[in-house]
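*Asks:* This structure is in structure tokens; I'll ask about it shortly.
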Amino acid sequence: MTATAAKPNKLFRAVDVLLLVLAVLPLLAGIVIRILFYPATEGIDISGALIYFTLDTPIGPFPISESQVNSWLVMLTLFWLCLYLTHGITPEGGSRRQHLVEWAVEQVDRLVCENMGEYFAGFAPFIIAMMALSAFSSLLSLLGLHAPTSDINVVGGWALLVFFLITYFKMKCGPLQYLRSFTEPVPLLLPLNLISEVATPVSMAFRHYGNILSGAVISALLGAALTGLSKAILGGLPGILGDIPLLRVGVPAVLSIYFDVFSGLLQAFIFATLTMLYVAGGFPAELYARKKAAKSKKRR
Amino acid sequence: MQVLMQNAEVISVNIWQIVASLCNLVILFLILKRFLYKPVKKVLAQRQAALDEKYSAAAAARSDAEADRAAWAEKMQTADAEAAQVIKTATEQANRRSDQIVGQAKEKAAVIVREAQTAAEQERVRAEAQIKREIADVSVALTEKFLARKVSPDDHRTMIDEAIAEMGENDD
């Protein structure tokens, strides 16, 4: 390779490495913050997110908790990861990372088109964002960090946004049509329809948050149990060896594969799928198409 | 702002945190749309455009070739007709030419025959004139002989024989 060709290549590699480091940095920062601020606890500790400090606002206190900070760290990581993945992609293609990122984008595109139809094709980036944020937030627990998705407030915020989206697309045919949709198929079902309307975001939030939190709780319980078991069985070992909970090595990892990796990815997928189904399902597509056709006819 | 390290309750709903999380998702959506989705889509569209261009170029080349082939087939068909035409005209020309040549030859032959006839006529006339002259010569010679001496019947006979022989010699 000639010197002129090697120079931009070197620069390219340097930028690559820089982006990767920047992507990993927030995660390392999260671990450092955790180690610095987390109070040492004894025994079984099942509690919510650690609150670093609380902002007092006119409406109420805004606790800056671990969930919030970790969410932002995940977002930063995803931002740098995006730049890394799209760095140096060309129409000719070729690099492995380009294959990966193209595959991912096309998969989500396909998923959105299959579940929601062509009209909602613009939803693809939103679905990617939702899946990525949910999955990476849940996977934070692999690093020993507090998973933001085990906080009802975080998942609740997403569910609220989904609720807004559902309502927005339901109102596409006018507020009157929106109100009328609650009395269908028979007016008697009005209370049930209202309940199910509210239940949609609540159930979505509770499902996601509950799954991740239960995983964390079981992990904590198992950890404590294994520590106790280790003390009871291996406590007699001489010196420092007796103090190390040896049984905690390895065993929790097996459960972690289910509770942290599988459950986390599955919940991200379920949350995104439900979002697609609810938004597309609430949208009165036929009525909207008819109205649009009538409108364009009138204009002529 | 209070700096107080403590854990939140396991279930503690806080409207600010909910709003912050909602905003986080929106912000991440914008980030991913701007920095992941759009570039990838752009690249895919560019690739598709390049492919379409290549395909359309290939289709154009193909249609060109088909048109060429059709034109050639047509040309080949007309070429057969043309060849037939050429042969026909050539035959006609040749026929005409041969007729011409034959006519010319006939004319020439006629001329030659006429010339020969005239030559023969002239020869005959000349021969006649010669014969006449010779006959005259013979008569003169005979007369001279008669006048020169008495001639016996035998002499007469021999003289006539001589004269005839002389005529024969002169005739050559």
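Just so we're on the same page: first chain in the structure tokens is A, next is B, and so on; residues restart at 1 for each chain, and ligands are numbered from 1 in the order they show up.
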Skip A:Trp80 itself and residues of its chain fewer than 2 positions away, then list as a PyMOL selection string all residues within 12 Å of it, counting only C-alpha atoms.
*Replies:* (chain A and resi 15-27+73-78+82-87) or (chain B and resi 28+31-32+35-36)
*Asks:* Chain A residues within 8 Å of chain B, counting only C-alpha atoms: which ones, as a count of residues only?
*Replies:* 48
*Asks:* Assign secondary structure with DSSP using the backbone only, and return the residues of stretch 13-133 of chain A in alpha helix (DSSP H) as number ranges by chain.
*Replies:* A: 13-37, 66-85, 96-116, 124-133
*Asks:* If we count only C-alpha atoms and set the cut-off at 12 Å, which residues sit around stretch 123-135 of chain B, ignoring sequence neighbours fewer than 2 positions away in its own chain? Please answer as a VMD selection string.
*Replies:* chain B and resid 115 to 121 137 to 143 163 to 164 166 to 172
